[in-house]
Each structure stands twice: as structure tokens, then as C-alpha cells.
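Student: Got a structure for you, questions after.
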Amino acid sequence: MICMPTPDGKGYLLLVEDEHNLARYLQLELENEGFSTDIEYDGLSGLEKALTIEYDLILLDVMLPELSGIELCRRIRETKDVPIIMITARGEVPDIVTGLDSGANDYLAKPFAIEELFARIRVLLRQRESKANQEIVVGRLRIQPNARRVFLDEEEIMLTPREFDLLYYMVQNKEQAVSREQILTAVWGFDFMGNTNIVDVYIRYLRNKIESDPSVKLIHTVRGIGYTLRD
């Protein structure tokens with residue numbers, strides 16, 4: 001995965017909007033407000049960026065060429081929990097419901113005041129920061145996402161960056177069966193050229209470290225699908 005350092009400022013955003021003039025206007029306004037912003041003009045390019053770069057928040061138009069904003073949102077949600085705001089000319093209730101059901105956190109109908117967009121972005125970023133600062137407990141395992149530290153009871157477990165990313169992804173999808181392909185995309189990146197066997201190798205590495213105690217069984221194989229993490 002391309003792990004771009006978050007630029008200095010309030011956050012690193014992705015804007016997927018096919019109206020070039022509007023996209024440029026929003027980018028200028030966002031950057032004047034202190035946000036760094038990448039732009040993509042179609043759904044497929046937006047999907048590749050969203051899956052290979054770690055953004056703080058994503059803004060999606062619904063009506064996009066190549067891949068609709070709704071489908072783009074669904075695909076991002078398969079592997080990432082990044083905050084998503086849908087931006088569209090459609091403001092009817094069914095469209096709002098569809099956008100939220102696809103995994104969007106918020107919905108803003110055109111035309112809108114730029115100050116309202118800033119306010120909604122700030123709310124979602126505060127929520128994300130608060131969530132990231134929380135310690136995650138799974139059975140006897142404690143995970144500190146910001147510090148990237150993992151403890152089994154009081155003993156710290158030393159994980160490589162890739163092992164931590166794999167564990168964190170499994171924890172974020174706790175109780176769900178995730179395929180090797182989903183894990184590969186989320187942890188290794190959209191453009192990874194290897195095969196899914198690498199997932200099995202790293203699952204084994206991770207099990208050896210976090211399940212060294214026989215009473216701790218967290219990662220379970222789901223036959224024909226992939227893996228799941230359960231208490």
C-alpha cells in the first residue's frame with residue numbers, strides 16, 4: 001500500500017468530482033482552509049486513489065463516469081473505514097438513504113454553502129480522531145492504534161508494520177469473514193502485484209505472536225472464504 005505521509009495542515013482529503021470547475025473551486029477553498037486535497041474526475045481513478053493512499057476523509061459526487069459514487073463508496077467500505085461525504089445535486093430522501101446505506105457518513109446536496117461543508121468535515125474528523133485515540137480491547141489483547149502498540153495482558157507484543165496493519169484490519173472487521181483478496185487490497189494495496197498466498201504467510205506470523213498462549217484463539221479460518229477475528 002502507498003502510505004503517503006499526511007501533509008501538514010488540518011487533513012488530507014480526496015475529492016472525486018467530474019465537474020472540473022466545481023472540483024477546482026472546492027480544492028482551492030479546502031486548501032485555503034488548511035486541507036490538502038487530491039482530485040480525481042471519475043469513479044475508477046477515485047477508487048484506485050482511495051485504496052492506495054491513506055486519506056483522512058473522502059468527498060464523493062454521486063454521478064460519476066466509469067463508476068458511480070454509490071458503487072465507489074460501497075467498494076471503499078469493503079476495506080476502509082475512512083469518513084465519506086457524498087456530494088450530489090440529488091436531494092430527495094431515497095437518494096440520501098441510498099448514499100448512507102452504501103456506507104457514507106454524511107450527505108450534502110448541491111448547491112451548498114462552503115462553510116457548511118467545512119463544518120461537516122470538521123465533525124467527521126473530530127469523530128475519527130476520538131475513535132483513533134481509543135484503546136481497542138479484543139479478549140486479552142489491547143491495541144493502541146495511534147501508538148501502533150499491542151499488548152497481551154500486560155506484555156507488549158512486537159509486530160512489524162505489516163503485521164500491525166493486518167491485525168488492525170482484522171480488528172476493524174471483527175466477527176466478519178473477510179476474503180484473502182479483501183485483506184490483500186486493504187493491507188498491501190490496490191496495485192500489489194503478488195498473489196494471495198502472502199496473506200496466509202502473514203496470518204501465520206501474526207498467529208504465532210498473538211496466539212502464543214494456547215488459551216488465546218483470535219484469528220479463525222473460514223473455509224472457502226478467508227479469515228475472521230473473534231474473541
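Labels used: A, B, ... for chains in the order of the C-alpha cells, numbers from 1 for residues in each chain, and numbers from 1 for ligands as shown.
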DSSP on the backbone, strand (DSSP E) only: what residues of region 159-220 of chain A does that give? Format it as a VMD selection string.

Tutor: chain A and resid 178 to 179 219 to 220

Student: Write the residues of the preceding selection, restricted to N, CA, C and O atoms, as an mmCIF file, in the first residue's frame.

Tutor:
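Contents of the output file again_22.cif:
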data_model
loop_
_atom_site.group_PDB
_atom_site.id
_atom_site.type_symbol
_atom_site.label_atom_id
_atom_site.label_comp_id
_atom_site.auth_asym_id
_atom_site.auth_seq_id
_atom_site.Cartn_x
_atom_site.Cartn_y
_atom_site.Cartn_z
ATOM 1 N N VAL A 178 -13.656 -12.183 6.082
ATOM 2 C CA VAL A 178 -13.051 -11.374 5.026
ATOM 3 C C VAL A 178 -12.195 -12.281 4.136
ATOM 4 O O VAL A 178 -11.501 -13.172 4.615
ATOM 5 N N SER A 179 -12.271 -12.043 2.841
ATOM 6 C CA SER A 179 -11.545 -12.880 1.892
ATOM 7 C C SER A 179 -10.076 -12.475 1.837
ATOM 8 O O SER A 179 -9.693 -11.376 2.255
ATOM 9 N N ILE A 219 -7.792 -15.458 15.573
ATOM 10 C CA ILE A 219 -7.966 -15.497 14.120
ATOM 11 C C ILE A 219 -8.400 -16.902 13.716
ATOM 12 O O ILE A 219 -7.709 -17.884 13.993
ATOM 13 N N HIS A 220 -9.543 -16.980 13.074
ATOM 14 C CA HIS A 220 -10.108 -18.268 12.667
ATOM 15 C C HIS A 220 -10.192 -18.342 11.139
ATOM 16 O O HIS A 220 -10.522 -17.354 10.476
#

Student: Quick one: contact table of region 172-224 of chain A to region 123-143 of chain A, 10 Å max, nearest atom pair and distance in Å to one decimal per residue, counting only C-alpha atoms, chain and number order, as a Markdown table?

Tutor:
| residue | atom | partner | partner_atom | distance |
| --- | --- | --- | --- | --- |
| A:Gln172 | CA | A:Ile136 | CA | 9.6 |
| A:Lys174 | CA | A:Val138 | CA | 9.0 |
| A:Ile210 | CA | A:Leu141 | CA | 7.9 |
| A:Glu211 | CA | A:Leu141 | CA | 9.8 |
| A:Ser215 | CA | A:Arg140 | CA | 9.8 |
| A:Val216 | CA | A:Arg140 | CA | 7.6 |
| A:Lys217 | CA | A:Gly139 | CA | 9.2 |
| A:Leu218 | CA | A:Gly139 | CA | 8.2 |

Student: Give me a file of those residues, with all heavy atoms, as an mmCIF file, in the first residue's frame.

Tutor:
data_model
loop_
_atom_site.group_PDB
_atom_site.id
_atom_site.type_symbol
_atom_site.label_atom_id
_atom_site.label_comp_id
_atom_site.auth_asym_id
_atom_site.auth_seq_id
_atom_site.Cartn_x
_atom_site.Cartn_y
_atom_site.Cartn_z
ATOM 1 N N GLN A 172 -10.829 -4.217 12.915
ATOM 2 C CA GLN A 172 -11.864 -3.326 12.382
ATOM 3 C C GLN A 172 -13.014 -4.112 11.763
ATOM 4 O O GLN A 172 -14.136 -3.608 11.683
ATOM 5 C CB GLN A 172 -11.264 -2.378 11.343
ATOM 6 C CG GLN A 172 -10.363 -1.308 11.940
ATOM 7 C CD GLN A 172 -9.751 -0.442 10.881
ATOM 8 O OE1 GLN A 172 -9.104 -0.913 9.955
ATOM 9 N NE2 GLN A 172 -9.967 0.857 10.994
ATOM 10 N N LYS A 174 -13.978 -7.192 12.866
ATOM 11 C CA LYS A 174 -14.211 -8.248 13.835
ATOM 12 C C LYS A 174 -15.570 -8.912 13.616
ATOM 13 O O LYS A 174 -16.557 -8.240 13.314
ATOM 14 C CB LYS A 174 -14.153 -7.636 15.236
ATOM 15 C CG LYS A 174 -14.419 -8.599 16.368
ATOM 16 C CD LYS A 174 -14.401 -7.823 17.681
ATOM 17 C CE LYS A 174 -14.905 -8.656 18.823
ATOM 18 N NZ LYS A 174 -14.994 -7.879 20.085
ATOM 19 N N ILE A 210 0.385 -13.410 18.481
ATOM 20 C CA ILE A 210 -0.724 -13.023 19.357
ATOM 21 C C ILE A 210 -1.441 -14.216 19.948
ATOM 22 O O ILE A 210 -2.253 -14.056 20.858
ATOM 23 C CB ILE A 210 -1.733 -12.108 18.623
ATOM 24 C CG1 ILE A 210 -2.501 -12.894 17.549
ATOM 25 C CG2 ILE A 210 -1.053 -10.882 18.048
ATOM 26 C CD1 ILE A 210 -3.634 -12.102 16.927
ATOM 27 N N GLU A 211 -1.153 -15.424 19.451
ATOM 28 C CA GLU A 211 -1.800 -16.626 19.973
ATOM 29 C C GLU A 211 -0.782 -17.586 20.563
ATOM 30 O O GLU A 211 -0.997 -18.793 20.581
ATOM 31 C CB GLU A 211 -2.602 -17.316 18.865
ATOM 32 C CG GLU A 211 -3.730 -16.444 18.304
ATOM 33 C CD GLU A 211 -4.500 -17.134 17.182
ATOM 34 O OE1 GLU A 211 -4.121 -18.262 16.813
ATOM 35 O OE2 GLU A 211 -5.462 -16.533 16.673
ATOM 36 N N SER A 215 -4.533 -20.424 25.383
ATOM 37 C CA SER A 215 -5.887 -20.019 25.743
ATOM 38 C C SER A 215 -6.395 -18.852 24.894
ATOM 39 O O SER A 215 -7.546 -18.455 25.003
ATOM 40 C CB SER A 215 -5.939 -19.612 27.222
ATOM 41 O OG SER A 215 -5.164 -18.447 27.445
ATOM 42 N N VAL A 216 -5.507 -18.294 24.060
ATOM 43 C CA VAL A 216 -5.883 -17.161 23.215
ATOM 44 C C VAL A 216 -6.037 -17.643 21.776
ATOM 45 O O VAL A 216 -5.083 -18.037 21.127
ATOM 46 C CB VAL A 216 -4.820 -16.035 23.268
ATOM 47 C CG1 VAL A 216 -5.220 -14.896 22.333
ATOM 48 C CG2 VAL A 216 -4.645 -15.537 24.687
ATOM 49 N N LYS A 217 -7.257 -17.637 21.279
ATOM 50 C CA LYS A 217 -7.526 -18.018 19.888
ATOM 51 C C LYS A 217 -8.372 -16.911 19.273
ATOM 52 O O LYS A 217 -9.550 -16.759 19.609
ATOM 53 C CB LYS A 217 -8.273 -19.358 19.835
ATOM 54 C CG LYS A 217 -8.606 -19.830 18.422
ATOM 55 C CD LYS A 217 -7.366 -20.208 17.650
ATOM 56 C CE LYS A 217 -7.732 -20.823 16.302
ATOM 57 N NZ LYS A 217 -6.539 -21.132 15.496
ATOM 58 N N LEU A 218 -7.767 -16.115 18.404
ATOM 59 C CA LEU A 218 -8.447 -14.948 17.865
ATOM 60 C C LEU A 218 -8.752 -15.062 16.376
ATOM 61 O O LEU A 218 -9.850 -14.755 15.935
ATOM 62 C CB LEU A 218 -7.604 -13.688 18.123
ATOM 63 C CG LEU A 218 -7.442 -13.267 19.587
ATOM 64 C CD1 LEU A 218 -6.453 -12.121 19.697
ATOM 65 C CD2 LEU A 218 -8.779 -12.876 20.177
#

Student: Could you pull the residues within 8 Å of region 188-205 of chain A, counting only C-alpha atoms, minus those fewer than 2 positions along the same chain, as a count of residues only?

Tutor: 16

Student: Which polymer residues have any atom within 9 Å of an atom of Arg120 (chain A), counting only C-alpha atoms, with same-chain residues fewer than 4 positions away left out, as a PyMOL selection string?

Tutor: chain A and resi 85+106+108+115-116+124-125

Student: For those residues, write N, CA and C atoms to a file as a PDB file, in the first residue's frame.

Tutor:
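Just written: again23.pdb:
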ATOM      1  N   ILE A  85     -18.133  11.696   2.691  1.00  0.00           N
ATOM      2  CA  ILE A  85     -19.266  12.604   2.497  1.00  0.00           C
ATOM      3  C   ILE A  85     -19.682  12.528   1.030  1.00  0.00           C
ATOM      4  N   ASP A 106     -22.021  10.997   5.720  1.00  0.00           N
ATOM      5  CA  ASP A 106     -22.823  12.216   5.650  1.00  0.00           C
ATOM      6  C   ASP A 106     -23.175  12.466   4.190  1.00  0.00           C
ATOM      7  N   LEU A 108     -24.427  15.740   1.427  1.00  0.00           N
ATOM      8  CA  LEU A 108     -24.604  17.166   1.215  1.00  0.00           C
ATOM      9  C   LEU A 108     -25.110  17.405  -0.202  1.00  0.00           C
ATOM     10  N   GLU A 115     -19.138  26.935   3.892  1.00  0.00           N
ATOM     11  CA  GLU A 115     -18.973  26.863   5.350  1.00  0.00           C
ATOM     12  C   GLU A 115     -19.660  25.630   5.923  1.00  0.00           C
ATOM     13  N   GLU A 116     -20.775  25.211   5.311  1.00  0.00           N
ATOM     14  CA  GLU A 116     -21.443  24.006   5.780  1.00  0.00           C
ATOM     15  C   GLU A 116     -20.592  22.780   5.508  1.00  0.00           C
ATOM     16  N   LEU A 124     -16.657  15.145  11.282  1.00  0.00           N
ATOM     17  CA  LEU A 124     -16.233  13.775  10.994  1.00  0.00           C
ATOM     18  C   LEU A 124     -14.770  13.550  11.376  1.00  0.00           C
ATOM     19  N   LEU A 125     -13.917  14.563  11.161  1.00  0.00           N
ATOM     20  CA  LEU A 125     -12.515  14.412  11.531  1.00  0.00           C
ATOM     21  C   LEU A 125     -12.340  14.344  13.045  1.00  0.00           C
TER      22      LEU A 125
END

Student: May I have the residues within 12 Å of Phe112 (chain A) as a list in words, using only C-alpha atoms and disregarding those fewer than 3 positions away in the same chain?

Tutor: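 Skipping anything fewer than 3 positions along the chain leaves Leu22, Leu26, Ile87, Thr88, Ala89, Arg90, Gly91, Tyr107, Leu108, Ala109, Glu115, Glu116, Leu117, Phe118, Ala119 and Arg120 of chain A.
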
Student: Please write the residues from the selection above to a file, keeping N, CA and C atoms, as a PDB file, in the first residue's frame.

Tutor:
ATOM      1  N   LEU A  22     -16.152  22.933 -10.656  1.00  0.00           N
ATOM      2  CA  LEU A  22     -16.547  22.779  -9.258  1.00  0.00           C
ATOM      3  C   LEU A  22     -15.439  22.119  -8.452  1.00  0.00           C
ATOM      4  N   LEU A  26     -13.680  23.786  -5.220  1.00  0.00           N
ATOM      5  CA  LEU A  26     -13.665  23.150  -3.902  1.00  0.00           C
ATOM      6  C   LEU A  26     -12.241  22.912  -3.423  1.00  0.00           C
ATOM      7  N   ILE A  87     -21.552  14.094  -2.127  1.00  0.00           N
ATOM      8  CA  ILE A  87     -21.957  15.409  -2.623  1.00  0.00           C
ATOM      9  C   ILE A  87     -22.655  15.214  -3.963  1.00  0.00           C
ATOM     10  N   THR A  88     -23.885  15.713  -4.078  1.00  0.00           N
ATOM     11  CA  THR A  88     -24.631  15.484  -5.305  1.00  0.00           C
ATOM     12  C   THR A  88     -25.722  16.519  -5.479  1.00  0.00           C
ATOM     13  N   ALA A  89     -26.202  16.628  -6.706  1.00  0.00           N
ATOM     14  CA  ALA A  89     -27.327  17.517  -6.992  1.00  0.00           C
ATOM     15  C   ALA A  89     -28.635  16.916  -6.510  1.00  0.00           C
ATOM     16  N   ARG A  90     -28.647  15.627  -6.251  1.00  0.00           N
ATOM     17  CA  ARG A  90     -29.859  14.965  -5.804  1.00  0.00           C
ATOM     18  C   ARG A  90     -30.061  15.171  -4.310  1.00  0.00           C
ATOM     19  N   GLY A  91     -31.264  15.620  -3.937  1.00  0.00           N
ATOM     20  CA  GLY A  91     -31.516  15.844  -2.527  1.00  0.00           C
ATOM     21  C   GLY A  91     -32.733  15.121  -2.005  1.00  0.00           C
ATOM     22  N   TYR A 107     -24.089  13.405   3.976  1.00  0.00           N
ATOM     23  CA  TYR A 107     -24.652  13.646   2.652  1.00  0.00           C
ATOM     24  C   TYR A 107     -24.931  15.137   2.516  1.00  0.00           C
ATOM     25  N   LEU A 108     -24.427  15.740   1.427  1.00  0.00           N
ATOM     26  CA  LEU A 108     -24.604  17.166   1.215  1.00  0.00           C
ATOM     27  C   LEU A 108     -25.110  17.405  -0.202  1.00  0.00           C
ATOM     28  N   ALA A 109     -26.281  18.049  -0.325  1.00  0.00           N
ATOM     29  CA  ALA A 109     -26.889  18.278  -1.636  1.00  0.00           C
ATOM     30  C   ALA A 109     -26.468  19.632  -2.192  1.00  0.00           C
ATOM     31  N   GLU A 115     -19.138  26.935   3.892  1.00  0.00           N
ATOM     32  CA  GLU A 115     -18.973  26.863   5.350  1.00  0.00           C
ATOM     33  C   GLU A 115     -19.660  25.630   5.923  1.00  0.00           C
ATOM     34  N   GLU A 116     -20.775  25.211   5.311  1.00  0.00           N
ATOM     35  CA  GLU A 116     -21.443  24.006   5.780  1.00  0.00           C
ATOM     36  C   GLU A 116     -20.592  22.780   5.508  1.00  0.00           C
ATOM     37  N   LEU A 117     -19.964  22.738   4.333  1.00  0.00           N
ATOM     38  CA  LEU A 117     -19.066  21.622   4.026  1.00  0.00           C
ATOM     39  C   LEU A 117     -17.921  21.574   5.026  1.00  0.00           C
ATOM     40  N   PHE A 118     -17.308  22.731   5.316  1.00  0.00           N
ATOM     41  CA  PHE A 118     -16.216  22.763   6.293  1.00  0.00           C
ATOM     42  C   PHE A 118     -16.680  22.227   7.646  1.00  0.00           C
ATOM     43  N   ALA A 119     -17.881  22.633   8.059  1.00  0.00           N
ATOM     44  CA  ALA A 119     -18.392  22.212   9.364  1.00  0.00           C
ATOM     45  C   ALA A 119     -18.580  20.700   9.412  1.00  0.00           C
ATOM     46  N   ARG A 120     -19.133  20.131   8.353  1.00  0.00           N
ATOM     47  CA  ARG A 120     -19.361  18.682   8.331  1.00  0.00           C
ATOM     48  C   ARG A 120     -18.044  17.921   8.309  1.00  0.00           C
TER      49      ARG A 120
END

Student: Go through A:Leu167, A:Leu57, A:Leu64, A:Leu152 one by one, measure the shortest atom-to-atom distance of each to Asp18 (chain A) using only C-alpha atoms, and give the residue with the smallest value.

Tutor: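 For Asp18 (chain A), the nearest of the given residues is A:Leu64.
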
Student: Rounded to one decimal place, report the CA of Ile84 (chain A)-CA of Gln176 (chain A) distance in Å.

Tutor: 21.3 Å

Student: Rank nothing, just name the residue among A:Asn173, A:Arg149, A:His20, A:Phe164 nearest to Arg77 (chain A), using only C-alpha atoms.

Tutor: A:Asn173

Student: Taking into account only C-alpha atoms, which residue in the set A:Glu40, A:Glu66, A:Glu31, A:Asp81 is nearest to Val171 (chain A)?

Tutor: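 Using only C-alpha atoms, the shortest distance to Val171 (chain A) belongs to A:Asp81.
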